[in-house]
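Written below as structure tokens is the structure these notes are about.
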Number of protein chains: 2
Amino acid sequence: MYRTHTCGELRPENIGTKVTLSGWVQTIRDKGTLVWVDIRDRYGITQVVAESDTAEDVMAILKSLGREFVIQVTGTVSERSASNPNIPTGEIEIKVEAVKVLNASLTPPFTIEDQTDGGEELRAQYRYLDLRRKPVLDKLRLRNKVSLETRKYLDSQDFLDVETPVLIKSTPEGARDFVVPSRMNGGQFYALPQSPQTFKQLLMVSGFDRYYQIVKCFRDEDLRADRQPEFTQIDCEMAFVEQEDILNTFEGLIQHLFKAVLNVDLDEKFPRMTYAEAMKRYGSDKPDIRFGMEFVDLSSVAKGNGFAIFDDSEAVLAINAEQCAVYTRKQLDELTDWVRRPQIGCKGLIYLRYTEDGTFKSSVDKFYSSEDLAKWADAANAKPGDLILVLSGDVEKTRKQLNELRLHMGNELGLRNPKVFKPLWVLDFPLLEWDEESKRFHAMHHPFTSPKPEDEHLLNTDPGKVRANAYDLAMNGVELGGGSIRIHDRGVQSRMFDLLGFTKEEAEAQFGFLMSAFEYGAPPHGGLAFGLDRLVATMGGSESIRDYIAFPKNNSGRDVMIDAPSPLSDDQLKELSIKLI
Amino acid sequence: MYRTHTCGELRPENIGTKVTLSGWVQTIRDKGTLVWVDIRDRYGITQVVAESDTAEDVMAILKSLGREFVIQVTGTVSERSASNPNIPTGEIEIKVEAVKVLNASLTPPFTIEDQTDGGEELRAQYRYLDLRRKPVLDKLRLRNKVSLETRKYLDSQDFLDVETPVLIKSTPEGARDFVVPSRMNGGQFYALPQSPQTFKQLLMVSGFDRYYQIVKCFRDEDLRADRQPEFTQIDCEMAFVEQEDILNTFEGLIQHLFKAVLNVDLDEKFPRMTYAEAMKRYGSDKPDIRFGMEFVDLSSVAKGNGFAIFDDSEAVLAINAEQCAVYTRKQLDELTDWVRRPQIGCKGLIYLRYTEDGTFKSSVDKFYSSEDLAKWADAANAKPGDLILVLSGDVEKTRKQLNELRLHMGNELGLRNPKVFKPLWVLDFPLLEWDEESKRFHAMHHPFTSPKPEDEHLLNTDPGKVRANAYDLAMNGVELGGGSIRIHDRGVQSRMFDLLGFTKEEAEAQFGFLMSAFEYGAPPHGGLAFGLDRLVATMGGSESIRDYIAFPKNNSGRDVMIDAPSPLSDDQLKELSIKLI
């Protein structure tokens with residue numbers, strides 16, 4: 001038996017008890033005849049003390065310990081003369097009687113403290129040591145709790161957890177599939193799922209009625225800060241539902257999670273906004289509505305004054321940064337540099353200071369009189385002391401850029417409190433989006449999303465205008481999840497594949513099984529998937545998902561700790577009937 | 001809104017209520033002016049009735065329905081004149097007022113009934129229809145419940161659910177790894193995990209203390225009836241534990257599952273047996289102890305009588321089949337044929353009938369007198385009326401064959417009641433096994449299993465004799481799971497790799513990260529993994545795991561429904577920097 005208690009367990013009521021603890025050496029303070037050792041495990045930290053009456057051999061071992069040694073200590077729980085109110089075990093200490101080194105430790109390459117001196121790369125390489133740090137452990141505990149509460153809630157709502165296969169078939173969006181050569185079927189490949197989409201739909205055809213799974217999905221694409229080649233989804237599907245049923249069900253899930261895990265009460269009804277409105281007001285399909293600073297269309301008041309940049313622009317859009325007229329020239333230059341970075345890609349930034357004394361000062365005073373500028377301020381509902389920031393260009397690009405600028409200003413002004421959570425349903429996404437490169441429509445969500453019945457007549461005449469029965473849940477500027485009501489009719493599904501440029505043969509080869517299933521009594525159904533990594537990161541108040549994954553990969557898709565991916569032996573390749581180019 | 005209630009919900013107290021149900025047409029009985037339709041969903045079956053006063057258009061639709069059509073019915077809950085006590089909704093029916101066909105159905109290729117007329121292949125191809133059948137649905141519900149109860153129990157025991165990566169590194173036992181070419185790292189490959197072994201050990205080094213995960217694992221090897229290329233494990237690891245702690249913890253889990261899911265009380269303490277004893281008494285490391293029929297060593301009484309087959313055999317082993325002396329010559333011939341099948345591989349079968357009148361009749365009467373045979377009976381503790389079955393040959397092979405025969409006889413005699421559950425811990429597995437082909441030792445469990453301290457001195461002198469700190473949980477002849485106390489010392493781990501024939505360089509390249517982790521304060525730790533598929537199948541009383549998997553693969557590793565694996569396009573191959581041989 002290695003321990004009678006954990007390092008987070010002992011309290012004053014245990015005083016006088018003989019106990020054995022095991023854990024890691026956090027700190028040692030050696031004052032000659034008096035030695036204190038803090039011993040740590042997942043559950044807490046307990047102080048161990050050796051005094052002048054401690055046996056010599058015990059004292060000798062204690063003095064030989066280093067940081068992160070694994071030790072086992074036996075002793076008696078005693079009252080601590082100077083209690084430490086910061087830790088739950090702070091009122092007691094262990095008077096050591098025996099100590100055993102269970103394993104030694106080299107000096108760790110960085111300190112195992114809440115604030116460490118280790119850089120990102122070093123910590124990634126020694127991830128097993130980084131995971132010892134409390135803030136990192138706490139993030140994975142949060143994840144554990146969110147997963148389990150998700151299961152409990154969905155189970156209470158009659159959802160069945162069904163595992164779908166990981167070795168499936170490559171899809172036409174195949175460039176993003178990870179594939180797996182089959183040894184038993186030489187020359188053939190499995191693909192890893194980008195989502196269990198078709199399988200969960202088949203489960204609805206099977207009458208499973210309510211399905212969920214917390215499941216790994218895979219996408220072989222260039223990685224950004226918030227993307228990983230393998231990621232986890234809370235994947236759900238329901239039969240005999242309309243959009244309203246789904247929104248209500250998953251509003252319930254999210255409310256439950258925030259209450260059960262964070263003790264946060266979310267809005268009783270989450271606000272809703274159409275995609276069109278979200279793009280117009282925030283330039284984003286996942287607006288952060290913790291703060292205002294909504295887009296203002298200045299076209300009617302800013303065009304036609306001879307300022308060519310605006311006159312030639314499809315859109316002139318602004319945000320009003322309240323109380324920011326005091327921004328210095330230097331600050332404004334920095335903002336201009338910020339929007340000019342290649343990630344944002346603006347040519348420049350126009351500003352209008354509405355100074356406290358009621359006068360206007362803009363970067364385009366040459367073209368606009370005070371009266372003209374007053375109209376801008378009026379349109380933006382600005383008050384003296386405010387700062388209006390203006391971008392222009394084609395609508396789509398300008399919205400995207402101004403969205404970035406708005407979020408940046410929100411950060412700068414402290415308007416994006418990570419402890420405040422503002423969910424928002426975004427509805428009525430377009431069904432299709434035009435792809436200039438391939439000169440054809442792509443499914444905005446996926447090819448199984450159903451068009452809104454009232455727009456179905458546009459499918460042949462103006463497909464780009466068709467809205468989908470699709471919805472996303474946004475929170476704090478992050479897309480937590482999304483889904484749709486699915487097509488459940490073979491004819492409609494087949495027409496959709498036509499629209500997306502599939503030949504009949506391609507559609508049949510790829511999705512024949514699903515279209516065939518639709519002919520045997522497929523119920524109306526729909527669903528949704530949350531990104532667990534993002535949900536947990538958002539709940540933790542972080543924008544990066546990587547910290548919430550036990551063993552993440554880096555931006556090149558590498559696990560630097562185990563050094564994967566790596567070359568295979570020629571024998572292995574041969575067995576798989578492949579060779580390298 | 002598609003429904004107010006499910007098809008399993010309505011009871012006499014709902015009589016008079018107007019309701020809407022949605023579901024599948026199970027049966028239609030059309031008696032002209034009287035039509036009954038049974039409508040089915042996951043929750044049950046409800047009878048819908050149309051009578052002479054039903055509107056004509058409603059009646060017309062009802063008469064046009066076919067099996068498995070998806071319909072929506074609105075009507076009033078009424079008392080049923082002839083109630084059906086077999087279903088919970090049997091006391092009511094719905095007097096239909098409106099009906100809508102939500103989706104039609106072709107005639108299914110097999111009947112959607114508890115007993116179907118569909119063959120295995122057809123049902124695999126239309127798995128989404130097979131999943132509609134109640135016995136299949138029930139198996140997956142059982143799985144859902146076992147998973148969730150596992151999580152609840154382990155959570156209550158402070159285990160943290162941590163997801164480990166799926167895209168990892170190929171190991172030296174690489175022939176069995178599925179691999180994944182990396183597009184971003186051309187010429188390099190990930191491997192899919194055969195188990196999260198090294199990651200869960202790293203989590204122990206990280207101080208996570210108690211880890212679990214219900215996780216997909218992958219093995220690219222020829223499939224048997226109870227193997228799948230992807231399978232699910234309940235994977236667990238604990239720090240600061242000895243074998244006894246682990247056995248107690250997971251005995252608790254299994255007891256909880258059987259109680260919570262099946263309302264079965266298992267033994268308070270599971271019996272235990274060493275590997276050596278299990279092999280001797282049952283010829284199996286996963287003995288079915290629901291019945292006796294233990295092995296009897298007849299060597300001392302059957303050798304030396306001039307019967308060359310026995311005299312030349314290393315082992316002469318028997319089982320006593322009680323009350324089977326009545327077996328006819330034909331039955332004995334069938335048994336002989338059974339053991340001669342290539343799967344078993346015996347040359348023949350010797351029998352001894354101990355007839356009710358106390359005389360002996362054997363297939364080797366030429367060589368043995370009645371007195372000789374009485375000694376056999378005595379050794380086997382046989383009584384008049386019993387039948388002794390004898391196999392001989394080298395010890396290992398004979399044990400294996402007699403184990404098969406014993407299980408077969410158990411089946412024949414109805415001694416293997418699938419509703420009776422007999423767990424058994426098998427302990428003290430050998431650490432290594434000699435492989436004739438490669439002429440070296442292989443790890444019986446895996447290279448991270450620790451030797452028993454008392455056997456450590458044999459590592460250099462007689463490695464084959466070293467017992468491991470390894471244990472399996474067997475139940476009803478099935479291995480539910482197994483695990484070990486791990487090595488947590490770099491030196492011991494390094495020596496183990498030497499023994500297994502790794503060069504220093506190979507060990508470092510493959511497992512350097514783990515050996516390095518052992519240098520930074522690795523705690524003593526151990527763990528265990530249960531095969532979820534097998535556990536659920538055993539709980540369901542089945543020997544085949546395939547029925548307990550929603551979308552299983554066939555013996556060639558194919559998913560015949562989606563037709564995977566399948567060829568890739570040349571473009572896809574090129575992007576992955578590989579080509580086919």
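Every chain in the structure tokens takes a letter, A first, then B, and so on in the order presented; its residues are numbered from 1, and the ligands are numbered from 1 following the presented order.
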_Those of segment 28-172 of chain B in DSSP helix (DSSP H, G or I), formatted as a PyMOL selection string_ = chain B and resi 56-64+120-125+127-130+134-156
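With only C-alpha atoms taken into account, the protein and nucleic acid residues at most 12 Å from Phe110 of chain B (excluding it and anything under 5 positions from it in its own chain) are Tyr520 of chain A; Arg67, Glu68, Gln115, Thr116, Asp117, Gly118, Gly119, Glu120, Glu121, Leu122, Arg123, Ala124, Gln125, Tyr126, Arg127, Tyr128, Leu129, Asp130, Arg132 and Arg133 of chain B.
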Keeping only C-alpha atoms, write the selected residues as a tab-separated table (two decimals), in the first residue's frame.
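Done, and the output landed in part10.tsv:
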```
chain	number	residue	atom	x	y	z
A	520	TYR	CA	-36.71	2.48	-47.06
B	67	ARG	CA	-44.56	-1.93	-44.43
B	68	GLU	CA	-41.93	0.51	-43.13
B	115	GLN	CA	-36.93	-13.29	-36.15
B	116	THR	CA	-36.04	-12.12	-39.65
B	117	ASP	CA	-35.84	-14.01	-42.91
B	118	GLY	CA	-32.71	-12.08	-43.97
B	119	GLY	CA	-29.36	-13.84	-44.27
B	120	GLU	CA	-26.22	-12.44	-42.68
B	121	GLU	CA	-24.79	-10.88	-45.83
B	122	LEU	CA	-28.01	-9.20	-46.84
B	123	ARG	CA	-28.48	-7.81	-43.37
B	124	ALA	CA	-24.90	-6.50	-43.38
B	125	GLN	CA	-25.49	-4.71	-46.66
B	126	TYR	CA	-28.69	-3.14	-45.32
B	127	ARG	CA	-27.38	-2.72	-41.81
B	128	TYR	CA	-29.56	0.39	-41.37
B	129	LEU	CA	-32.61	-1.84	-41.73
B	130	ASP	CA	-31.23	-4.62	-39.56
B	132	ARG	CA	-34.47	-1.44	-36.85
B	133	ARG	CA	-35.03	-4.91	-35.44
```
*asked:* Can you measure atom CA of Met59 of chain A to atom CA of Gly521 of chain B for me? One decimal in Å is fine.
replied: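 Interatomic distance, atom CA of Met59 of chain A to atom CA of Gly521 of chain B: 20.5 Å.
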*Would you list, as number ranges by chain, the residues of segment 267-431 of chain A that end up in strand (DSSP E) under DSSP run on this structure's backbone?*
A: 272-274, 296-297, 315-321, 350-354, 360-362, 387-393, 423-427
*Tell me, as a PyMOL selection string, which residues lie within 10 Å of Glu13 of chain B, counting only C-alpha atoms; anything in the same chain fewer than 2 positions away does not count.*
chain B and resi 10-11+15-17+77-79+92
*asked:* Using only C-alpha atoms, which protein or nucleic acid residues come within 6 Å of Arg143 of chain B? Drop anything in the same chain fewer than 3 positions from it, and give the result as a ChimeraX atom specification.
replied: /B:140,146,536
*Distance of atom CA of Pro451 of chain A from atom CA of Thr274 of chain A, expressed in Å to one decimal place*: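 Between these atoms lies a distance of 14.9 Å.
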*Can you pull out every residue within 9 Å of Ala260 of chain A, counting only C-alpha atoms, but drop anything in the same chain fewer than 4 positions away, and send it as a VMD selection string?*
chain A and resid 145 to 146 149 255 to 256 264
Can you write out the residues you just picked, keeping N, CA and C atoms, as a PDB file, in the first residue's frame?
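Full text of out.pdb as output:
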```pdb
ATOM      1  N   LYS A 145     -15.045  17.109 -17.023  1.00  0.00           N
ATOM      2  CA  LYS A 145     -16.352  17.405 -16.427  1.00  0.00           C
ATOM      3  C   LYS A 145     -17.378  17.752 -17.509  1.00  0.00           C
ATOM      4  N   VAL A 146     -16.948  18.526 -18.498  1.00  0.00           N
ATOM      5  CA  VAL A 146     -17.865  18.894 -19.581  1.00  0.00           C
ATOM      6  C   VAL A 146     -18.317  17.646 -20.337  1.00  0.00           C
ATOM      7  N   GLU A 149     -20.786  15.626 -18.067  1.00  0.00           N
ATOM      8  CA  GLU A 149     -22.085  16.299 -17.911  1.00  0.00           C
ATOM      9  C   GLU A 149     -22.861  16.289 -19.220  1.00  0.00           C
ATOM     10  N   GLN A 255     -27.073  25.221 -21.490  1.00  0.00           N
ATOM     11  CA  GLN A 255     -27.437  25.795 -20.187  1.00  0.00           C
ATOM     12  C   GLN A 255     -27.035  24.850 -19.049  1.00  0.00           C
ATOM     13  N   HIS A 256     -27.306  23.559 -19.255  1.00  0.00           N
ATOM     14  CA  HIS A 256     -26.944  22.587 -18.230  1.00  0.00           C
ATOM     15  C   HIS A 256     -25.439  22.587 -17.977  1.00  0.00           C
ATOM     16  N   VAL A 264     -22.730  28.974 -13.905  1.00  0.00           N
ATOM     17  CA  VAL A 264     -23.120  30.192 -14.628  1.00  0.00           C
ATOM     18  C   VAL A 264     -24.534  30.002 -15.180  1.00  0.00           C
TER      19      VAL A 264
END
```
